[in-house]
$ cat protein31.tsv   # TSV, C-alpha atoms
chain	number	residue	atom	x	y	z
A	1	MET	CA	124.68	63.68	84.28
A	2	GLU	CA	122.82	62.68	87.41
A	3	LYS	CA	123.81	65.95	89.06
A	4	ILE	CA	122.49	67.95	86.12
A	5	LYS	CA	119.17	66.09	86.27
A	6	ARG	CA	118.91	66.85	89.98
A	7	ILE	CA	119.62	70.55	89.43
A	8	LEU	CA	117.05	70.75	86.61
A	9	SER	CA	114.52	68.96	88.81
A	10	GLU	CA	115.05	71.46	91.64
A	11	ILE	CA	114.76	74.38	89.23
A	12	SER	CA	111.51	73.03	87.80
A	13	ILE	CA	110.09	72.54	91.31
A	14	HIS	CA	110.88	76.10	92.40
A	15	PHE	CA	110.22	77.85	89.08
A	16	LEU	CA	106.43	78.02	89.34
A	17	PRO	CA	106.38	79.24	93.00
A	18	ILE	CA	108.93	81.92	92.09
A	19	ILE	CA	106.77	83.10	89.18
A	20	VAL	CA	103.68	83.20	91.42
A	21	ALA	CA	105.61	85.07	94.13
A	22	VAL	CA	106.90	87.66	91.66
A	23	SER	CA	103.43	88.15	90.16
A	24	CYS	CA	102.06	88.82	93.67
A	25	ILE	CA	104.88	91.04	94.91
A	26	PHE	CA	105.28	93.20	91.78
A	27	PRO	CA	101.85	94.95	92.07
A	28	LEU	CA	102.63	95.78	95.71
A	29	LEU	CA	105.99	97.30	94.74
A	30	TRP	CA	104.36	99.23	91.91
A	31	MET	CA	101.69	100.53	94.29
A	32	LEU	CA	104.31	101.72	96.79
A	33	SER	CA	106.38	103.24	94.01
A	34	SER	CA	103.39	105.16	92.65
A	35	ALA	CA	102.56	106.40	96.14
A	36	LEU	CA	105.99	108.02	96.36
A	37	LYS	CA	105.69	109.93	93.07
A	38	THR	CA	103.95	113.15	92.11
A	39	GLN	CA	100.97	113.62	89.86
A	40	GLN	CA	103.31	114.84	87.12
A	41	THR	CA	105.75	111.91	87.30
A	42	VAL	CA	103.47	108.95	88.12
A	43	PHE	CA	102.90	108.18	84.42
A	44	LYS	CA	106.29	109.33	83.18
A	45	ASP	CA	108.69	107.72	85.65
A	46	MET	CA	108.47	103.96	85.12
A	47	SER	CA	111.13	103.07	87.71
A	48	LEU	CA	110.13	101.07	90.78
A	49	MET	CA	112.17	103.40	92.99
A	50	PRO	CA	111.65	107.10	92.20
A	51	LYS	CA	114.67	109.40	92.44
A	52	VAL	CA	112.84	111.63	94.91
A	53	ALA	CA	110.46	109.92	97.34
A	54	HIS	CA	107.43	112.05	98.21
A	55	TRP	CA	106.48	110.69	101.63
A	56	GLU	CA	104.18	113.66	102.12
A	57	ASN	CA	101.58	111.76	100.08
A	58	PHE	CA	101.09	109.45	103.05
A	59	ILE	CA	100.82	112.41	105.43
A	60	ILE	CA	98.16	114.03	103.24
A	61	ALA	CA	96.20	110.78	102.91
A	62	TRP	CA	96.49	110.05	106.64
A	63	GLY	CA	95.47	113.51	107.80
A	64	LYS	CA	93.41	115.34	105.19
A	65	GLY	CA	92.05	112.14	103.69
A	66	GLY	CA	90.72	110.95	107.05
A	67	PHE	CA	92.65	107.68	107.02
A	68	SER	CA	93.61	108.11	110.66
A	69	MET	CA	89.91	107.86	111.59
A	70	TYR	CA	89.26	104.98	109.18
A	71	PHE	CA	92.34	103.14	110.46
A	72	LEU	CA	91.27	103.38	114.12
A	73	ASN	CA	87.77	102.22	113.18
A	74	SER	CA	89.18	99.18	111.36
A	75	VAL	CA	91.43	98.31	114.30
A	76	LEU	CA	88.48	98.59	116.70
A	77	TYR	CA	86.18	96.49	114.52
A	78	THR	CA	88.83	93.86	113.87
A	79	VAL	CA	89.72	93.41	117.54
A	80	LEU	CA	86.11	93.30	118.77
A	81	VAL	CA	84.88	90.98	116.01
A	82	VAL	CA	87.80	88.54	116.15
A	83	VAL	CA	87.67	88.31	119.97
A	84	GLY	CA	83.91	87.78	119.79
A	85	ILE	CA	84.23	85.09	117.12
A	86	VAL	CA	87.00	83.24	118.99
A	87	LEU	CA	85.11	83.20	122.30
A	88	ILE	CA	81.67	82.34	120.91
A	89	SER	CA	82.86	79.79	118.34
A	90	SER	CA	85.18	78.03	120.82
A	91	LEU	CA	82.36	77.73	123.38
A	92	ALA	CA	79.90	76.52	120.74
A	93	ALA	CA	82.42	74.09	119.22
A	94	PHE	CA	83.26	72.67	122.65
A	95	ALA	CA	79.55	72.19	123.37
A	96	PHE	CA	78.97	70.44	120.02
A	97	SER	CA	82.00	68.23	120.61
A	98	ARG	CA	81.65	67.31	124.28
A	99	LEU	CA	78.06	67.88	125.43
A	100	ASP	CA	74.84	66.02	124.70
A	101	PHE	CA	71.70	68.08	124.26
A	102	PRO	CA	68.52	67.86	122.16
A	103	PHE	CA	68.87	68.49	118.40
A	104	LYS	CA	72.65	68.87	118.70
A	105	ASP	CA	73.39	67.42	115.29
A	106	PHE	CA	70.57	69.35	113.64
A	107	ILE	CA	71.77	72.68	115.05
A	108	PHE	CA	75.34	71.93	114.01
A	109	TYR	CA	74.25	71.12	110.46
A	110	VAL	CA	72.31	74.38	110.38
A	111	PHE	CA	75.58	76.20	111.09
A	112	LEU	CA	77.25	74.24	108.29
A	113	ALA	CA	74.38	75.01	105.92
A	114	ALA	CA	74.82	78.71	106.64
A	115	MET	CA	78.23	78.56	104.95
A	116	MET	CA	76.52	77.66	101.67
A	117	ILE	CA	74.39	80.82	101.69
A	118	PRO	CA	76.18	83.63	99.78
A	119	LEU	CA	76.57	86.79	101.82
A	120	PRO	CA	74.51	88.98	99.43
A	121	GLY	CA	71.59	86.60	99.96
A	122	SER	CA	71.27	87.76	103.57
A	123	PHE	CA	71.54	91.50	102.97
A	124	VAL	CA	67.82	92.32	102.92
A	125	PRO	CA	66.75	90.37	106.05
A	126	LEU	CA	69.91	91.47	107.88
A	127	TYR	CA	69.34	95.15	107.17
A	128	VAL	CA	65.63	94.92	108.05
A	129	LEU	CA	66.56	93.24	111.35
A	130	LEU	CA	69.18	95.89	112.17
A	131	VAL	CA	66.71	98.70	111.43
A	132	LYS	CA	64.06	97.15	113.69
A	133	LEU	CA	66.62	96.72	116.48
A	134	GLY	CA	67.90	100.26	116.02
A	135	LEU	CA	71.40	98.99	115.17
A	136	ALA	CA	71.68	100.23	111.57
A	137	ASN	CA	74.53	102.71	111.10
A	138	THR	CA	76.06	101.78	114.46
A	139	ARG	CA	79.32	100.15	115.48
A	140	VAL	CA	77.44	97.55	117.52
A	141	GLY	CA	75.28	96.51	114.56
A	142	TYR	CA	78.29	96.20	112.27
A	143	CYS	CA	80.29	94.16	114.80
A	144	PHE	CA	77.37	91.81	115.48
A	145	SER	CA	76.89	91.29	111.74
A	146	MET	CA	80.57	90.52	111.19
A	147	ILE	CA	80.64	88.10	114.14
A	148	ASN	CA	77.68	86.30	112.61
A	149	VAL	CA	79.51	86.04	109.27
A	150	GLY	CA	82.55	84.36	110.82
A	151	LEU	CA	80.90	81.93	113.22
A	152	SER	CA	79.97	78.99	110.98
A	153	LEU	CA	83.42	78.19	109.61
A	154	SER	CA	85.09	78.92	112.95
A	155	ILE	CA	82.78	76.54	114.81
A	156	TYR	CA	83.40	73.83	112.23
A	157	LEU	CA	87.20	74.18	112.46
A	158	LEU	CA	87.28	74.22	116.26
A	159	LYS	CA	84.81	71.35	116.66
A	160	THR	CA	86.99	69.21	114.40
A	161	PHE	CA	89.94	69.98	116.67
A	162	PHE	CA	88.04	69.40	119.93
A	163	ASP	CA	86.79	66.03	118.65
A	164	LYS	CA	90.39	64.82	118.56
A	165	LEU	CA	91.30	65.89	122.10
A	166	PRO	CA	91.87	62.88	124.39
A	167	ARG	CA	89.06	62.27	126.85
A	168	ASP	CA	91.64	61.50	129.57
A	169	LEU	CA	92.57	65.18	129.78
A	170	GLU	CA	88.95	66.10	130.35
A	171	ASP	CA	88.52	63.40	133.00
A	172	ALA	CA	91.68	64.54	134.82
A	173	ALA	CA	90.44	68.13	134.88
A	174	ARG	CA	87.07	66.99	136.21
A	175	ILE	CA	88.82	65.09	139.03
A	176	ASP	CA	90.68	68.31	139.90
A	177	GLY	CA	87.33	70.04	140.37
A	178	CYS	CA	86.82	71.75	137.00
A	179	GLY	CA	83.31	72.14	135.68
A	180	ARG	CA	82.45	72.28	132.00
A	181	ILE	CA	83.44	75.94	131.67
A	182	GLY	CA	86.62	75.23	133.61
A	183	ILE	CA	87.51	72.33	131.30
A	184	TRP	CA	86.94	74.56	128.29
A	185	TRP	CA	89.03	77.41	129.68
A	186	HIS	CA	91.88	75.46	131.31
A	187	VAL	CA	92.17	72.43	129.02
A	188	ALA	CA	90.44	72.69	125.64
A	189	PHE	CA	91.08	76.36	124.90
A	190	PRO	CA	94.87	76.32	125.55
A	191	LEU	CA	95.34	73.08	123.59
A	192	ALA	CA	93.38	74.51	120.67
A	193	ARG	CA	95.83	77.38	120.14
A	194	PRO	CA	96.88	76.20	116.64
A	195	ALA	CA	93.26	75.97	115.49
A	196	ILE	CA	92.44	79.27	117.21
A	197	GLY	CA	95.40	80.79	115.37
A	198	VAL	CA	93.83	79.74	112.06
A	199	VAL	CA	90.45	81.14	113.11
A	200	THR	CA	92.11	84.38	114.24
A	201	ILE	CA	94.11	85.05	111.10
A	202	TYR	CA	91.27	84.05	108.76
A	203	ASN	CA	88.77	86.34	110.47
A	204	THR	CA	91.30	89.14	110.87
A	205	LEU	CA	91.87	89.15	107.13
A	206	ASN	CA	88.12	88.91	106.52
A	207	VAL	CA	87.15	91.78	108.83
A	208	TRP	CA	90.00	94.07	107.79
A	209	ASN	CA	89.21	93.65	104.09
A	210	GLU	CA	85.42	93.71	104.42
A	211	TYR	CA	83.63	96.29	102.32
A	212	ILE	CA	80.12	95.20	101.29
A	213	LEU	CA	78.55	95.01	104.76
A	214	ALA	CA	80.16	98.30	105.73
A	215	LEU	CA	78.66	99.85	102.59
A	216	ILE	CA	75.18	98.64	103.54
A	217	ILE	CA	75.21	99.15	107.30
A	218	LEU	CA	77.38	102.25	107.84
A	219	GLN	CA	76.47	105.60	106.32
A	220	SER	CA	78.21	107.98	108.74
A	221	LYS	CA	81.74	108.86	107.68
A	222	ASN	CA	83.09	108.71	111.24
A	223	LEU	CA	81.99	105.05	111.54
A	224	MET	CA	83.52	103.77	108.30
A	225	PRO	CA	86.40	101.24	108.29
A	226	LEU	CA	89.39	101.56	105.99
A	227	GLN	CA	87.99	99.75	102.95
A	228	ARG	CA	84.78	101.77	103.01
A	229	GLY	CA	86.68	104.98	103.67
A	230	LEU	CA	89.03	104.18	100.79
A	231	MET	CA	86.13	104.31	98.34
A	232	VAL	CA	85.05	107.69	99.74
A	233	PHE	CA	88.65	108.87	99.40
A	234	GLN	CA	88.81	107.52	95.84
A	235	GLY	CA	85.69	109.44	94.90
A	236	ALA	CA	87.26	112.68	96.10
A	237	HIS	CA	90.75	112.01	94.67
A	238	ILE	CA	90.05	109.73	91.71
A	239	THR	CA	92.48	111.63	89.45
A	240	GLU	CA	95.18	112.11	92.10
A	241	TYR	CA	96.87	108.74	91.64
A	242	PRO	CA	99.82	109.15	94.06
A	243	LEU	CA	97.44	110.06	96.91
A	244	LEU	CA	95.13	107.21	95.96
A	245	MET	CA	98.04	104.74	95.93
A	246	ALA	CA	99.20	106.08	99.29
A	247	GLY	CA	95.74	105.43	100.70
A	248	ILE	CA	95.68	101.90	99.29
A	249	THR	CA	99.14	101.26	100.77
A	250	ILE	CA	97.91	102.36	104.20
A	251	THR	CA	95.07	99.82	104.00
A	252	ILE	CA	97.32	96.95	102.89
A	253	ILE	CA	100.51	97.23	104.96
A	254	PRO	CA	99.01	96.54	108.45
A	255	ILE	CA	97.21	93.35	107.43
A	256	LEU	CA	100.24	92.24	105.40
A	257	ILE	CA	102.39	92.54	108.53
A	258	VAL	CA	99.83	90.62	110.59
A	259	TYR	CA	99.71	87.87	107.98
A	260	LEU	CA	103.51	87.53	107.85
A	261	PHE	CA	103.67	87.14	111.63
A	262	LEU	CA	100.74	84.72	111.94
A	263	GLN	CA	101.07	82.62	108.79
A	264	LYS	CA	102.91	79.86	110.71
A	265	PHE	CA	99.71	79.17	112.63
A	266	ILE	CA	97.95	78.14	109.42
A	267	ILE	CA	100.23	75.15	108.90
A	268	LYS	CA	100.17	74.30	112.61
A	269	GLY	CA	96.39	74.49	112.69
A	270	LEU	CA	95.96	72.29	109.64
A	271	THR	CA	98.31	69.60	111.01
A	272	ALA	CA	97.52	69.82	114.73
A	273	GLY	CA	94.47	67.56	114.51
A	274	ALA	CA	96.55	64.63	113.35
A	275	VAL	CA	99.14	65.21	116.09
A	276	VAL	CA	96.57	65.45	118.86
A	277	GLY	CA	94.70	62.34	117.75
$ encode --input "protein31.tsv" --output "structure tokens"
Amino acid sequence: MEKIKRILSEISIHFLPIIVAVSCIFPLLWMLSSALKTQQTVFKDMSLMPKVAHWENFIIAWGKGGFSMYFLNSVLYTVLVVVGIVLISSLAAFAFSRLDFPFKDFIFYVFLAAMMIPLPGSFVPLYVLLVKLGLANTRVGYCFSMINVGLSLSIYLLKTFFDKLPRDLEDAARIDGCGRIGIWWHVAFPLARPAIGVVTIYNTLNVWNEYILALIILQSKNLMPLQRGLMVFQGAHITEYPLLMAGITITIIPILIVYLFLQKFIIKGLTAGAVVG
């Protein structure tokens, strides 16, 4: 009887996560299945694995649909923005945590307050600023805007981590001749890898999936990232469902792979503060 209760308890614990996992995975499988069908069979063949897989849909979407250009743009934007956010936020967080300067707390709270402002609320002043600076419809303007979006939360997460670093490590580095930048680069930055991993994966997902800012800032087709290009592609192929599903699959698979490889850093980053302290 006790064994049966234990088995039922384990089933009840895992039942809900299994249901959630299936509900998340099934749409992805259906999307991939639809991408491998033809326009004639996409609504007739209800199987998840079609008898004949039409991989040419991906070739058409990649080449004729312009997804190769959109994909390279997204990779470029993601790398530049995430690197910029990590460097700037880690420097700012280290300064807020370890340095004393006028209005330090006030400036930090301003960054925190920025997280409470919804993104659409900044569209008008942001676009006016970009136009005056000559950065509208440019890669530089889009990257700067995305870096600005990700800084507040990243600074908060990294400052929380830096606050828990032992002062003895900083003192030892100072004895070895390190200045403030040297302490940041050789001591704080390497030890903050779990928190930096969280910042990296969060902002990678954010930049890769971003659409609204790209819609406002970028008008030239050769500058568009994947999500913006997908809407252009949808407008041209709205009734060609297999091609549309192939395009959506192209936008999802890369970031899904990145998430699967980096998800361990989320748990490490959330628990590292307690270990360091």
$ atom_distance --input "protein31.tsv" --atom1 "CA of Phe111 in chain A" --atom2 "CA of Leu130 in chain A"
20.7 Å
$ closest_residue --input "protein31.tsv" --among "A:Leu72, A:Ala172, A:Ala188, A:Ile59" --to "Ser97 in chain A" --atoms "all atoms listed in the file"
A:Ala188
$ residues_around --input "protein31.tsv" --residues "Ser145 in chain A" --least-positions-apart "5" --cutoff "12 Å" --atoms "only C-alpha atoms" --output "PyMOL selection string"
chain A and resi 77+80-81+84-85+119+122-123+125-127+129-130+135-140+150-151+207+210+212-214+216-218
$ closest_residue --input "protein31.tsv" --among "A:Asn57, A:Thr204, A:Gln234, A:Ser74" --to "Ile257 in chain A" --atoms "only C-alpha atoms"
A:Thr204
$ atom_distance --input "protein31.tsv" --atom1 "CA of Lys64 in chain A" --atom2 "CA of Met31 in chain A"
20.2 Å
$ residues_around --input "protein31.tsv" --residues "Ile60 in chain A" --least-positions-apart "4" --cutoff "10 Å" --atoms "all atoms listed in the file" --output "JSON, numbers by chain"
{"A": [55, 56, 64, 65, 66, 67, 243, 246, 247]}
$ write_last_selection --input "protein31.tsv" --atoms "C-alpha atoms" --output "PDB file, in the coordinates of the input"
ATOM      1  CA  TRP A  55     106.480 110.690 101.630  1.00  0.00           C
ATOM      2  CA  GLU A  56     104.180 113.660 102.120  1.00  0.00           C
ATOM      3  CA  LYS A  64      93.410 115.340 105.190  1.00  0.00           C
ATOM      4  CA  GLY A  65      92.050 112.140 103.690  1.00  0.00           C
ATOM      5  CA  GLY A  66      90.720 110.950 107.050  1.00  0.00           C
ATOM      6  CA  PHE A  67      92.650 107.680 107.020  1.00  0.00           C
ATOM      7  CA  LEU A 243      97.440 110.060  96.910  1.00  0.00           C
ATOM      8  CA  ALA A 246      99.200 106.080  99.290  1.00  0.00           C
ATOM      9  CA  GLY A 247      95.740 105.430 100.700  1.00  0.00           C
TER      10      GLY A 247
END
$ closest_atom_pairs --input "protein31.tsv" --of "range 73-120 of chain A" --to "range 155-170 of chain A" --cutoff "7 Å" --atoms "only C-alpha atoms" --output "CSV"
residue,atom,partner,partner_atom,distance
A:Ser89,CA,A:Ile155,CA,4.8
A:Ser90,CA,A:Leu158,CA,6.3
A:Ala92,CA,A:Ile155,CA,6.6
A:Ala93,CA,A:Lys159,CA,4.4
A:Phe94,CA,A:Lys159,CA,6.3
A:Phe96,CA,A:Lys159,CA,6.8
A:Ser97,CA,A:Asp163,CA,5.6
$ atom_distance --input "protein31.tsv" --atom1 "CA of Phe233 in chain A" --atom2 "CA of Pro254 in chain A"
18.5 Å
$ build_atoms --input "protein31.tsv" --residues "range 144-157 of chain A" --atoms "N, CA and C atoms" --output "compact mmCIF listing (two decimals), in the frame of the given file"
# COMPACT_ATOMS: atom_id res chain seq x y z
N PHE A 144 78.21 93.00 115.36
CA PHE A 144 77.37 91.81 115.48
C PHE A 144 77.22 91.10 114.14
N SER A 145 77.05 91.87 113.07
CA SER A 145 76.89 91.29 111.74
C SER A 145 78.15 90.56 111.31
N MET A 146 79.31 91.15 111.57
CA MET A 146 80.57 90.52 111.19
C MET A 146 80.85 89.27 112.03
N ILE A 147 80.49 89.30 113.31
CA ILE A 147 80.64 88.10 114.14
C ILE A 147 79.79 86.97 113.58
N ASN A 148 78.57 87.30 113.19
CA ASN A 148 77.68 86.30 112.61
C ASN A 148 78.26 85.70 111.34
N VAL A 149 78.92 86.52 110.53
CA VAL A 149 79.51 86.04 109.27
C VAL A 149 80.61 85.01 109.54
N GLY A 150 81.40 85.22 110.58
CA GLY A 150 82.55 84.36 110.82
C GLY A 150 82.31 83.15 111.69
N LEU A 151 81.12 83.00 112.25
CA LEU A 151 80.90 81.93 113.22
C LEU A 151 80.87 80.53 112.61
N SER A 152 80.21 80.34 111.50
CA SER A 152 79.97 78.99 110.98
C SER A 152 81.27 78.25 110.71
N LEU A 153 82.16 78.84 109.93
CA LEU A 153 83.42 78.19 109.61
C LEU A 153 84.28 78.01 110.85
N SER A 154 84.27 79.00 111.73
CA SER A 154 85.09 78.92 112.95
C SER A 154 84.62 77.79 113.85
N ILE A 155 83.32 77.63 114.00
CA ILE A 155 82.78 76.54 114.81
C ILE A 155 83.16 75.20 114.20
N TYR A 156 83.06 75.09 112.90
CA TYR A 156 83.40 73.83 112.23
C TYR A 156 84.88 73.47 112.46
N LEU A 157 85.77 74.44 112.28
CA LEU A 157 87.20 74.18 112.46
C LEU A 157 87.53 73.78 113.90
